[in-house]
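Participant: Please find input_20.txt (compact mmCIF, C-alpha atoms) on the next line:
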```txt
# COMPACT_ATOMS: atom_id res chain seq x y z
CA MET A 66 91.57 97.38 130.52
CA THR A 67 90.30 95.06 127.88
CA GLU A 68 90.50 92.01 130.13
CA ASP A 69 86.96 92.37 131.40
CA ARG A 70 85.37 92.43 128.00
CA PRO A 71 84.35 89.24 126.25
CA PRO A 72 86.72 88.13 123.48
CA PRO A 73 86.18 90.33 120.44
CA SER A 74 84.12 88.99 117.58
CA LEU A 75 85.69 88.31 114.21
CA ASP A 76 84.12 91.43 112.79
CA GLU A 77 85.68 93.48 115.51
CA ILE A 78 89.08 92.00 114.87
CA GLU A 79 88.65 92.59 111.18
CA ALA A 80 87.82 96.21 111.81
CA ARG A 81 90.81 96.58 114.08
CA LEU A 82 93.08 94.97 111.51
CA ARG A 83 91.82 97.33 108.87
CA GLU A 84 92.45 100.19 111.23
CA ALA A 85 95.96 98.98 111.90
CA ASN A 86 96.69 98.41 108.26
CA ARG A 87 95.58 101.88 107.39
CA GLY A 88 98.33 103.19 109.60
CA VAL A 89 101.04 101.07 108.07
CA PRO A 90 101.47 102.77 104.71
CA LEU A 91 101.56 106.14 106.41
CA ALA A 92 104.27 105.08 108.75
CA ARG A 93 106.15 103.56 105.87
CA ASN A 94 105.82 106.71 103.84
CA ASP A 95 107.27 108.75 106.62
CA ARG A 96 110.17 106.49 107.21
CA ASP A 97 111.39 105.66 103.77
CA PRO A 98 112.38 108.89 102.07
CA ALA A 99 114.30 110.05 105.11
CA GLY A 100 116.00 106.89 106.24
CA GLY A 101 116.45 105.30 102.87
CA GLY A 102 115.70 102.03 104.59
CA ASP A 103 115.34 100.19 101.31
CA PRO A 104 118.54 98.72 99.97
CA ASP A 105 118.35 100.63 96.72
CA GLY A 106 116.68 103.80 97.81
CA GLY A 107 119.19 105.73 95.75
CA GLN A 108 121.98 105.44 98.27
CA ARG A 109 123.20 101.92 98.05
CA GLY A 110 126.85 102.57 98.40
CA ALA A 111 129.27 104.07 95.99
CA LEU A 112 129.99 100.88 94.10
CA GLY A 113 126.38 100.20 93.21
CA PHE A 114 125.95 103.78 92.16
CA ALA A 115 129.07 103.68 90.02
CA PHE A 116 127.83 100.51 88.38
CA ARG A 117 124.48 102.10 87.65
CA VAL A 118 126.05 105.16 86.12
CA GLY A 119 128.43 103.05 84.08
CA VAL A 120 125.65 100.89 82.70
CA ASP A 121 123.61 103.97 81.81
CA LEU A 122 126.52 105.51 79.97
CA VAL A 123 127.35 102.39 78.00
CA ALA A 124 123.76 101.44 77.24
CA ALA A 125 123.04 104.71 75.46
CA LEU A 126 126.29 104.44 73.55
CA ALA A 127 125.44 100.89 72.52
CA VAL A 128 122.00 101.96 71.34
CA GLY A 129 123.54 104.81 69.38
CA VAL A 130 126.17 102.67 67.71
CA GLY A 131 123.78 99.80 67.04
CA GLY A 132 121.17 102.16 65.65
CA GLY A 133 123.79 103.86 63.51
CA MET A 134 124.92 100.59 62.02
CA LEU A 135 121.34 99.58 61.31
CA LEU A 136 120.69 102.92 59.62
CA ASP A 137 123.79 102.43 57.51
CA ARG A 138 122.71 99.01 56.42
CA TRP A 139 119.23 100.25 55.66
CA LEU A 140 120.12 103.45 53.83
CA GLY A 141 123.56 102.47 52.60
CA THR A 142 125.13 105.57 54.09
CA ALA A 143 128.10 103.88 55.72
CA PRO A 144 129.99 105.12 57.61
CA TRP A 145 128.07 108.34 58.26
CA GLY A 146 125.21 106.86 60.21
CA LEU A 147 127.66 105.16 62.52
CA ILE A 148 129.73 108.29 63.01
CA VAL A 149 126.81 110.60 63.67
CA MET A 150 124.96 108.12 65.86
CA PHE A 151 128.09 107.36 67.84
CA PHE A 152 128.30 110.95 68.97
CA LEU A 153 124.58 111.22 69.57
CA GLY A 154 124.73 108.03 71.61
CA ALA A 155 127.63 109.37 73.62
CA GLY A 156 125.63 112.53 74.21
CA ALA A 157 122.63 110.52 75.31
CA GLY A 158 124.87 108.56 77.65
CA VAL A 159 126.09 111.75 79.25
CA VAL A 160 122.49 112.98 79.53
CA ASN A 161 121.58 109.72 81.25
CA VAL A 162 124.45 110.09 83.70
CA TYR A 163 123.55 113.72 84.31
CA ARG A 164 120.01 112.72 85.18
CA THR A 165 121.09 109.91 87.44
CA VAL A 166 123.67 111.97 89.28
CA ASN A 167 121.29 114.88 89.78
CA GLY A 168 118.67 112.56 91.17
CA LEU A 169 116.31 113.24 88.30
CA GLY A 170 115.84 109.52 88.07
CA TYR A 171 114.99 107.76 84.89
CA ALA A 172 112.12 110.00 83.96
CA VAL A 173 111.13 109.96 80.37
CA GLY A 174 111.99 112.84 78.19
CA TYR A 175 113.16 115.98 79.74
CA VAL A 176 111.78 118.46 82.16
CA GLN A 177 113.15 121.68 83.49
CA PRO A 178 115.25 120.65 86.47
CA GLU A 179 113.45 123.08 88.78
CA ALA A 180 110.10 121.46 88.07
CA ARG A 181 111.58 118.07 88.71
CA GLU A 182 113.30 119.23 91.87
CA ASP A 183 109.93 120.08 93.38
CA GLY A 184 108.56 116.72 92.49
CA LYS A 185 111.59 114.83 93.63
CA SER A 186 111.78 115.87 97.24
CA LYS A 187 108.33 114.66 98.16
CA ALA A 188 107.10 111.34 96.92
CA PRO A 189 104.11 110.42 94.69
CA PRO A 190 101.42 112.93 95.61
CA SER A 191 103.48 115.73 94.08
CA GLY A 192 102.66 114.20 90.72
CA ASP A 193 99.33 115.96 90.74
CA GLU A 194 100.85 119.31 91.44
CA ARG A 195 103.25 118.90 88.61
CA ARG A 196 100.63 118.37 85.97
CA MET B 422 136.01 71.39 82.01
CA ALA B 423 134.64 71.10 85.52
CA SER B 424 136.60 74.16 86.59
CA ASP B 425 135.36 76.26 83.70
CA PRO B 426 133.47 79.01 85.52
CA LEU B 427 131.26 79.71 82.51
CA HIS B 428 130.15 76.15 82.05
CA GLN B 429 127.19 76.79 84.33
CA PHE B 430 125.64 79.15 81.79
CA GLN B 431 125.43 76.56 79.03
CA ILE B 432 121.98 75.88 77.71
CA ASN B 433 121.19 72.21 77.25
CA PRO B 434 118.02 70.58 76.07
CA VAL B 435 116.25 68.68 78.80
CA VAL B 436 113.50 67.23 76.68
CA GLU B 437 114.31 66.86 73.00
CA LEU B 438 111.41 67.82 70.79
CA PRO B 439 111.19 67.61 67.01
CA LYS B 440 111.99 70.76 65.07
CA ILE B 441 109.05 72.73 63.80
CA GLY B 442 109.77 74.75 60.69
CA GLY B 443 113.49 74.80 61.45
CA LEU B 444 112.89 76.05 64.98
CA ASP B 445 114.35 74.01 67.80
CA ILE B 446 111.59 73.91 70.38
CA SER B 447 113.28 71.48 72.77
CA LEU B 448 112.67 72.20 76.41
CA THR B 449 115.99 73.59 77.65
CA ASN B 450 117.27 73.84 81.18
CA SER B 451 116.61 77.58 80.96
CA ALA B 452 112.99 77.05 79.99
CA ALA B 453 112.61 74.35 82.63
CA PHE B 454 113.75 76.75 85.34
CA MET B 455 111.42 79.44 84.06
CA ILE B 456 108.56 77.00 84.35
CA ALA B 457 109.78 76.03 87.82
CA ALA B 458 109.89 79.68 88.87
CA THR B 459 106.37 80.28 87.62
CA VAL B 460 105.03 77.13 89.22
CA LEU B 461 106.73 77.85 92.54
CA ALA B 462 105.56 81.44 92.67
CA THR B 463 102.02 80.44 91.80
CA GLY B 464 102.18 77.57 94.25
CA LEU B 465 103.40 79.80 97.05
CA LEU B 466 100.54 82.23 96.58
CA VAL B 467 97.83 79.68 95.98
CA MET B 468 98.87 77.34 98.76
CA GLY B 469 99.71 80.18 101.09
CA MET B 470 96.38 81.87 100.71
CA ARG B 471 94.35 78.68 100.78
CA GLY B 472 93.74 78.94 104.52
CA ARG B 473 92.73 82.61 104.43
CA ALA B 474 93.50 82.64 108.12
CA LEU B 475 93.04 85.85 110.05
CA VAL B 476 96.27 85.12 111.83
CA PRO B 477 98.48 84.00 108.97
CA GLY B 478 100.65 80.92 109.14
CA ARG B 479 104.17 80.87 107.83
CA LEU B 480 103.36 80.38 104.17
CA GLN B 481 100.55 82.87 104.26
CA SER B 482 102.81 85.43 105.92
CA VAL B 483 105.31 85.09 103.10
CA ALA B 484 102.58 85.47 100.49
CA GLU B 485 101.11 88.50 102.25
CA LEU B 486 104.52 90.05 102.74
CA LEU B 487 105.27 89.67 99.06
CA TYR B 488 101.94 91.17 98.09
CA GLU B 489 102.18 94.10 100.44
CA PHE B 490 105.77 94.81 99.53
CA ILE B 491 104.92 95.18 95.86
CA ALA B 492 101.65 96.95 96.59
CA GLY B 493 103.55 99.51 98.64
CA MET B 494 106.18 99.84 95.98
CA VAL B 495 103.60 100.49 93.29
CA ARG B 496 101.77 102.97 95.48
CA GLU B 497 104.86 104.91 96.41
CA ASN B 498 106.71 104.89 93.14
CA ALA B 499 104.03 104.67 90.49
CA GLY B 500 101.23 106.52 92.24
CA ALA B 501 97.69 105.57 93.12
CA GLU B 502 96.58 105.65 89.52
CA ALA B 503 98.95 102.81 88.72
CA ARG B 504 97.09 100.37 90.91
CA LYS B 505 95.55 98.67 87.92
CA TYR B 506 98.99 97.67 86.72
CA PHE B 507 99.86 95.99 89.99
CA PRO B 508 99.41 92.45 88.57
CA PHE B 509 101.91 93.21 85.84
CA VAL B 510 104.50 94.57 88.27
CA PHE B 511 103.89 91.76 90.70
CA SER B 512 104.38 89.11 88.02
CA ILE B 513 107.62 90.69 86.88
CA PHE B 514 108.95 90.87 90.42
CA THR B 515 108.08 87.33 91.42
CA PHE B 516 109.35 85.88 88.16
CA ILE B 517 112.73 87.58 88.47
CA LEU B 518 112.99 86.97 92.20
CA PHE B 519 112.25 83.27 91.88
CA GLY B 520 114.58 83.00 88.91
CA ASN B 521 117.38 84.63 90.88
CA LEU B 522 116.76 82.59 94.00
CA LEU B 523 116.39 79.28 92.16
CA GLY B 524 119.76 80.02 90.61
CA MET B 525 121.28 80.09 94.09
CA ILE B 526 120.60 76.38 94.52
CA PRO B 527 123.91 74.66 93.74
CA GLY B 528 123.78 73.07 90.33
CA ALA B 529 120.71 75.00 89.29
CA PHE B 530 120.52 77.12 86.19
CA THR B 531 120.06 80.88 86.54
CA PHE B 532 117.95 82.02 83.64
CA THR B 533 118.32 85.67 84.60
CA SER B 534 122.03 85.39 83.82
CA HIS B 535 121.25 85.34 80.11
CA ILE B 536 120.89 88.73 78.51
CA ILE B 537 118.33 87.50 76.02
CA VAL B 538 116.03 86.63 78.92
CA THR B 539 116.51 89.90 80.77
CA PHE B 540 116.28 91.86 77.55
CA ALA B 541 113.00 90.17 76.70
CA LEU B 542 111.68 91.13 80.14
CA ALA B 543 112.91 94.70 79.76
CA ALA B 544 111.45 94.89 76.26
CA VAL B 545 108.07 93.82 77.59
CA VAL B 546 108.25 96.57 80.21
CA PHE B 547 109.41 99.10 77.63
CA LEU B 548 106.67 98.26 75.13
CA PHE B 549 104.05 98.20 77.86
CA VAL B 550 105.07 101.61 79.16
CA THR B 551 105.35 103.16 75.70
CA ILE B 552 101.97 101.85 74.60
CA LEU B 553 100.46 102.97 77.90
CA ALA B 554 101.79 106.49 77.39
CA LEU B 555 100.60 106.56 73.78
CA VAL B 556 97.14 105.36 74.72
CA LYS B 557 96.85 107.77 77.63
CA HIS B 558 98.26 110.85 75.97
CA GLY B 559 98.14 110.23 72.25
CA LEU B 560 100.52 112.31 70.20
CA HIS B 561 101.29 114.49 73.18
CA PHE B 562 103.60 111.65 74.15
CA PHE B 563 106.16 112.90 71.67
CA SER B 564 106.57 116.14 73.60
CA PHE B 565 108.72 113.96 75.85
CA PHE B 566 111.53 114.28 73.44
CA PHE B 567 111.78 118.03 73.45
CA PRO B 568 112.14 120.02 76.65
CA ALA B 569 109.76 122.87 77.11
CA GLY B 570 111.51 126.18 76.68
CA ALA B 571 114.65 124.95 74.96
CA PRO B 572 115.77 127.02 71.99
CA ILE B 573 114.19 125.60 68.86
CA ALA B 574 117.55 125.73 67.07
CA LEU B 575 118.77 122.93 69.31
CA ALA B 576 115.94 120.62 68.31
CA PRO B 577 117.93 118.63 65.73
CA LEU B 578 120.46 117.83 68.44
CA ILE B 579 118.18 117.35 71.43
CA ILE B 580 115.49 115.21 69.85
CA PRO B 581 117.80 112.42 68.62
CA ILE B 582 119.64 112.44 71.91
CA GLU B 583 116.41 112.18 73.87
CA ILE B 584 115.17 109.38 71.64
CA ILE B 585 118.40 107.43 72.10
CA SER B 586 118.25 108.06 75.81
CA TYR B 587 114.69 106.73 75.84
CA LEU B 588 115.62 103.69 73.77
CA SER B 589 118.57 102.96 76.03
CA ARG B 590 116.29 102.32 79.00
CA PRO B 591 115.47 98.69 78.21
CA VAL B 592 119.12 98.11 77.39
CA SER B 593 120.41 99.42 80.68
CA LEU B 594 117.57 97.70 82.55
CA SER B 595 118.47 94.32 81.08
CA ILE B 596 122.23 94.77 81.31
CA ARG B 597 121.99 95.63 84.99
CA LEU B 598 120.13 92.45 85.91
CA PHE B 599 122.04 90.13 83.62
CA ALA B 600 125.50 91.48 84.50
CA ASN B 601 124.87 91.25 88.21
CA MET B 602 123.66 87.69 88.04
CA MET B 603 126.31 86.48 85.65
CA ALA B 604 129.19 88.19 87.44
CA GLY B 605 128.05 86.87 90.80
CA HIS B 606 127.71 83.29 89.67
CA THR B 607 131.00 83.37 87.80
CA MET B 608 132.72 84.74 90.87
CA LEU B 609 131.32 81.96 93.03
CA LYS B 610 132.59 79.34 90.63
CA VAL B 611 136.01 80.98 90.29
CA PHE B 612 136.50 81.05 94.04
CA ALA B 613 135.34 77.48 94.38
CA GLY B 614 137.81 76.53 91.65
CA PHE B 615 140.68 78.04 93.66
CA THR B 616 140.49 75.19 96.13
CA VAL B 617 140.99 72.66 93.38
CA SER B 618 143.79 74.50 91.64
CA MET B 619 145.58 75.16 94.96
CA GLY B 620 145.53 71.46 95.68
CA ALA B 621 146.78 70.66 92.21
CA ALA B 622 149.56 73.25 92.32
CA MET B 623 150.85 72.92 95.86
CA GLY B 624 149.94 69.41 96.89
CA ALA B 625 149.26 68.83 100.56
CA ALA B 626 149.80 72.45 101.59
CA GLY B 627 147.37 73.54 98.93
CA TYR B 628 144.71 71.17 100.15
CA ALA B 629 145.37 72.24 103.75
CA PHE B 630 144.65 75.86 102.89
CA GLY B 631 141.89 74.96 100.47
CA PHE B 632 139.32 75.87 103.08
CA VAL B 633 140.10 79.58 102.76
CA PRO B 634 138.36 80.07 99.39
CA VAL B 635 135.51 77.92 100.67
CA LEU B 636 135.08 80.22 103.66
CA LEU B 637 135.07 83.18 101.34
CA ASN B 638 132.49 81.45 99.20
CA VAL B 639 130.18 81.11 102.17
CA ALA B 640 130.20 84.87 102.54
CA LEU B 641 129.78 85.30 98.80
CA VAL B 642 126.74 83.04 98.73
CA GLY B 643 125.11 85.24 101.34
CA PHE B 644 126.02 88.28 99.31
CA GLU B 645 124.63 86.71 96.16
CA ILE B 646 121.31 86.04 97.83
CA LEU B 647 121.21 89.70 98.76
CA VAL B 648 122.00 90.60 95.15
CA ALA B 649 119.25 88.26 93.97
CA PHE B 650 116.70 90.21 96.00
CA MET B 651 118.19 93.56 95.18
CA GLN B 652 118.24 93.11 91.44
CA ALA B 653 114.65 91.91 91.38
CA TYR B 654 113.82 94.95 93.48
CA VAL B 655 115.71 97.35 91.23
CA PHE B 656 114.12 95.97 88.08
CA THR B 657 110.68 96.28 89.59
CA ILE B 658 111.14 99.74 91.03
CA LEU B 659 112.35 101.04 87.70
CA THR B 660 109.29 99.47 86.09
CA CYS B 661 107.17 101.40 88.60
CA ILE B 662 108.97 104.65 87.86
CA TYR B 663 108.50 104.16 84.12
CA ILE B 664 104.82 103.49 84.63
CA ARG B 665 104.47 106.68 86.62
CA ASP B 666 106.19 108.63 83.88
CA ALA B 667 103.86 107.13 81.32
CA ILE B 668 100.79 108.01 83.38
CA GLU B 669 101.78 111.48 84.40
CA LEU B 670 103.70 112.66 81.36
CA HIS B 671 105.29 115.76 82.77
```
As a first step, turn the structure in this file into structure tokens.
Facilitator:
Amino acid sequence: MTEDRPPPSLDEIEARLREANRGVPLARNDRDPAGGGDPDGGQRGALGFAFRVGVDLVAALAVGVGGGMLLDRWLGTAPWGLIVMFFLGAGAGVVNVYRTVNGLGYAVGYVQPEAREDGKSKAPPSGDERR
Amino acid sequence: MASDPLHQFQINPVVELPKIGGLDISLTNSAAFMIAATVLATGLLVMGMRGRALVPGRLQSVAELLYEFIAGMVRENAGAEARKYFPFVFSIFTFILFGNLLGMIPGAFTFTSHIIVTFALAAVVFLFVTILALVKHGLHFFSFFFPAGAPIALAPLIIPIEIISYLSRPVSLSIRLFANMMAGHTMLKVFAGFTVSMGAAMGAAGYAFGFVPVLLNVALVGFEILVAFMQAYVFTILTCIYIRDAIELH
């Protein structure tokens, strides 16, 4: 039905493009959380997930042990800093894994899981509700 | 030496420069590839957008795709308020992506396969996010480290654990990128080396079947390119999530 009209002006095309672009993010929003179309949308195969969890576990432990050794050197409390920080680091590693496995993501600090659950299911806008 | 799979990670000076105050400031192959990544990324965007065509050409399509991909990622994962930090996220993504992809050129150096590089990147993200949270929320930021409603008696246990968990984020961020890149490139080299060692060990028969590891390597190269994209993506998306945490502060 558009054949009869003269070719649209640049402004018209621009407006149409803007119109079309406005639809894109919406469509994308709808698709992504459900389909997990992105390669790392949280479900990238068991191996990738295992690697992620493993890195999280070890990283916290490494920070704990490294921090403990630094504390020891600084305060001259060897080996107590190392011993205490080793266990704290291991604990932090387990907390990291717990968060990852429960889909709490890498959020800073700590929030009651129920509050986070609400926020997690629906994407960004929920941030306002949470505050 | 040629079959040493780790040889590719050696850092060599490209341009020797005089030492300044005991610091070796020679331009290394690592630094040269970082410069190349920056120049290429800038070139792609500048050249691509030069035409400003309504119907984009090939280069412009790539540039627009890149922009919209990151813009969408920031919007969805960091929220609308994080739009001002888009340039930061975009720079991180393109730098890592170009570093990873440049490393896929045979004989090229992959600077993202060095933990000091990835750790520096992760540290920048970590400091940025922490300072952002401190500026936005002041001392309230420290409520991060103690969950609301937890028994106060547990504080001496929970607070150190939360702090370590927080500090472990740049570590895990950098390890993930570096380990993936290094493991992938080592694997490629090891499989390529099989052909040579088969020939050396079994003579003619070894050379005849030498194509098998090469075939496998073709598949691995494709896989590595996927990993190059994926790791840049993962690094960036985690940056976005951290930024959202810093802005919202639950």
Participant: Place a sphere of radius 10 Å on (132.1, 79.3, 83.5) in the file coordinates and name every protein, DNA or RNA residue with an atom inside or on its surface, counting only C-alpha atoms; give the answer as a list in words.
Facilitator: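 Returned residue set, sorted by chain then number, is Met422, Ala423, Ser424, Asp425, Pro426, Leu427, His428, Gln429, Phe430, Gln431, Met603, His606, Thr607, Met608, Leu609, Lys610 and Val611 of chain B.
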Participant: Contacts of Thr551 in chain B at 9 Å or less, counting all atoms listed in the file, minus same-chain residues fewer than 5 places along, as a PyMOL selection string?
Facilitator: chain B and resi 546+556+562+664+667
Participant: Quick one: pull the distance between CA of Ala157 in chain A and CA of Ala125 in chain A, Å, one decimal.
Facilitator: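 Between CA of Ala157 in chain A and CA of Ala125 in chain A the gap works out to 5.8 Å.
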Participant: Identify, on the basis of only C-alpha atoms, every residue whose closest approach to range 134-138 of chain A does not exceed 10 Å; exclude the query and any residue fewer than 6 positions from it along the same chain; express the result as a PyMOL selection string.
Facilitator: chain A and resi 128+144-148+150-151
Participant: Set out as CSV a contact list for chain B and chain A with a cut-off of 9 Å, giving each residue of chain B that qualifies its closest atom pair and distance in Å to one decimal, counting all atoms listed in the file, ordered by chain and rising residue number.
Facilitator:
```
residue,atom,partner,partner_atom,distance
B:Leu475,CA,A:Glu79,CA,8.1
B:Gly493,CA,A:Pro90,CA,7.2
B:Arg496,CA,A:Pro189,CA,7.8
B:Glu497,CA,A:Pro189,CA,5.8
B:Asn498,CA,A:Pro189,CA,6.3
B:Ala499,CA,A:Pro189,CA,7.1
B:Gly500,CA,A:Pro189,CA,5.4
B:Ala501,CA,A:Pro189,CA,8.2
B:Phe563,CA,A:Gly174,CA,8.7
B:Ser564,CA,A:Gly174,CA,7.8
B:Phe565,CA,A:Gly174,CA,4.2
B:Phe566,CA,A:Gly174,CA,5.0
B:Phe567,CA,A:Tyr175,CA,6.8
B:Pro568,CA,A:Tyr175,CA,5.2
B:Ala569,CA,A:Val176,CA,7.0
B:Gly570,CA,A:Gln177,CA,8.3
B:Leu578,CA,A:Leu153,CA,7.9
B:Pro581,CA,A:Leu153,CA,7.0
B:Ile582,CA,A:Ala157,CA,4.9
B:Glu583,CA,A:Gly174,CA,6.2
B:Ile584,CA,A:Gly174,CA,8.1
B:Ile585,CA,A:Ala157,CA,6.1
B:Ser586,CA,A:Ala157,CA,5.0
B:Tyr587,CA,A:Val173,CA,6.6
B:Leu588,CA,A:Val128,CA,7.0
B:Ser589,CA,A:Ala125,CA,4.8
B:Arg590,CA,A:Ala124,CA,7.7
B:Pro591,CA,A:Ala124,CA,8.8
B:Val592,CA,A:Ala124,CA,5.7
B:Ser593,CA,A:Ala124,CA,5.2
B:Leu594,CA,A:Val120,CA,8.7
B:Ile596,CA,A:Val120,CA,7.1
B:Arg597,CA,A:Val120,CA,6.8
B:Met651,CA,A:Pro104,CA,7.0
B:Tyr654,CA,A:Asp105,CA,8.0
B:Val655,CA,A:Asp105,CA,6.9
B:Leu659,CA,A:Tyr171,CA,7.7
B:Ile662,CA,A:Ala172,CA,7.3
B:Tyr663,CA,A:Ala172,CA,6.9
B:Arg665,CA,A:Ala172,CA,8.8
B:Asp666,CA,A:Ala172,CA,6.1
B:Ala667,CA,A:Val173,CA,7.9
B:Glu669,CA,A:Gly192,CA,6.9
B:Leu670,CA,A:Arg196,CA,8.0
B:His671,CA,A:Arg196,CA,6.2
```
Participant: Starting from 5 Å padding per side, set up an axis-aligned box that covers all listed atoms of range 139-156 of chain A and hand over centre and edge lengths in Å, one decimal, as AutoDock Vina command-line options.
Facilitator:
```
--center_x 124.6 --center_y 106.4 --center_z 63.4 --size_x 20.8 --size_y 22.3 --size_z 31.6
```
Participant: Quick one: residues within 12 Å of Thr539 in chain B, all atoms listed in the file, excluding same-chain residues fewer than 2 positions away - as a ChimeraX atom specification?
Facilitator: /B:513,516-517,520-521,531-537,541-546,591-603,652-653,656
Participant: Contacts of range 627-632 of chain B at 10 Å or less, counting only C-alpha atoms, minus same-chain residues fewer than 6 places along, as a list of chain:residue names?
Facilitator: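 Those residues are B:Ala613, B:Gly614, B:Phe615, B:Thr616, B:Val617, B:Ser618, B:Met619, B:Gly620, B:Ala621, B:Asn638.
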Participant: Rounded to one decimal, what separation in Å do you get between CA of Val483 in chain B and CA of Gly469 in chain B?
Facilitator: 7.7 Å
Participant: Between CA of Lys440 in chain B and CA of Val460 in chain B, what is the spacing in Å?
Facilitator: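 So the two atoms, CA of Val460 in chain B and CA of Lys440 in chain B, lie 25.9 Å apart.
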Participant: Using all atoms listed in the file, find all polymer residues with an atom at most 9 Å away from the point (99.5, 80.4, 100.0); report them as JSON, numbers by chain.
Facilitator: {"B": [463, 464, 465, 466, 467, 468, 469, 470, 471, 472, 473, 480, 481, 482, 483, 484, 485]}
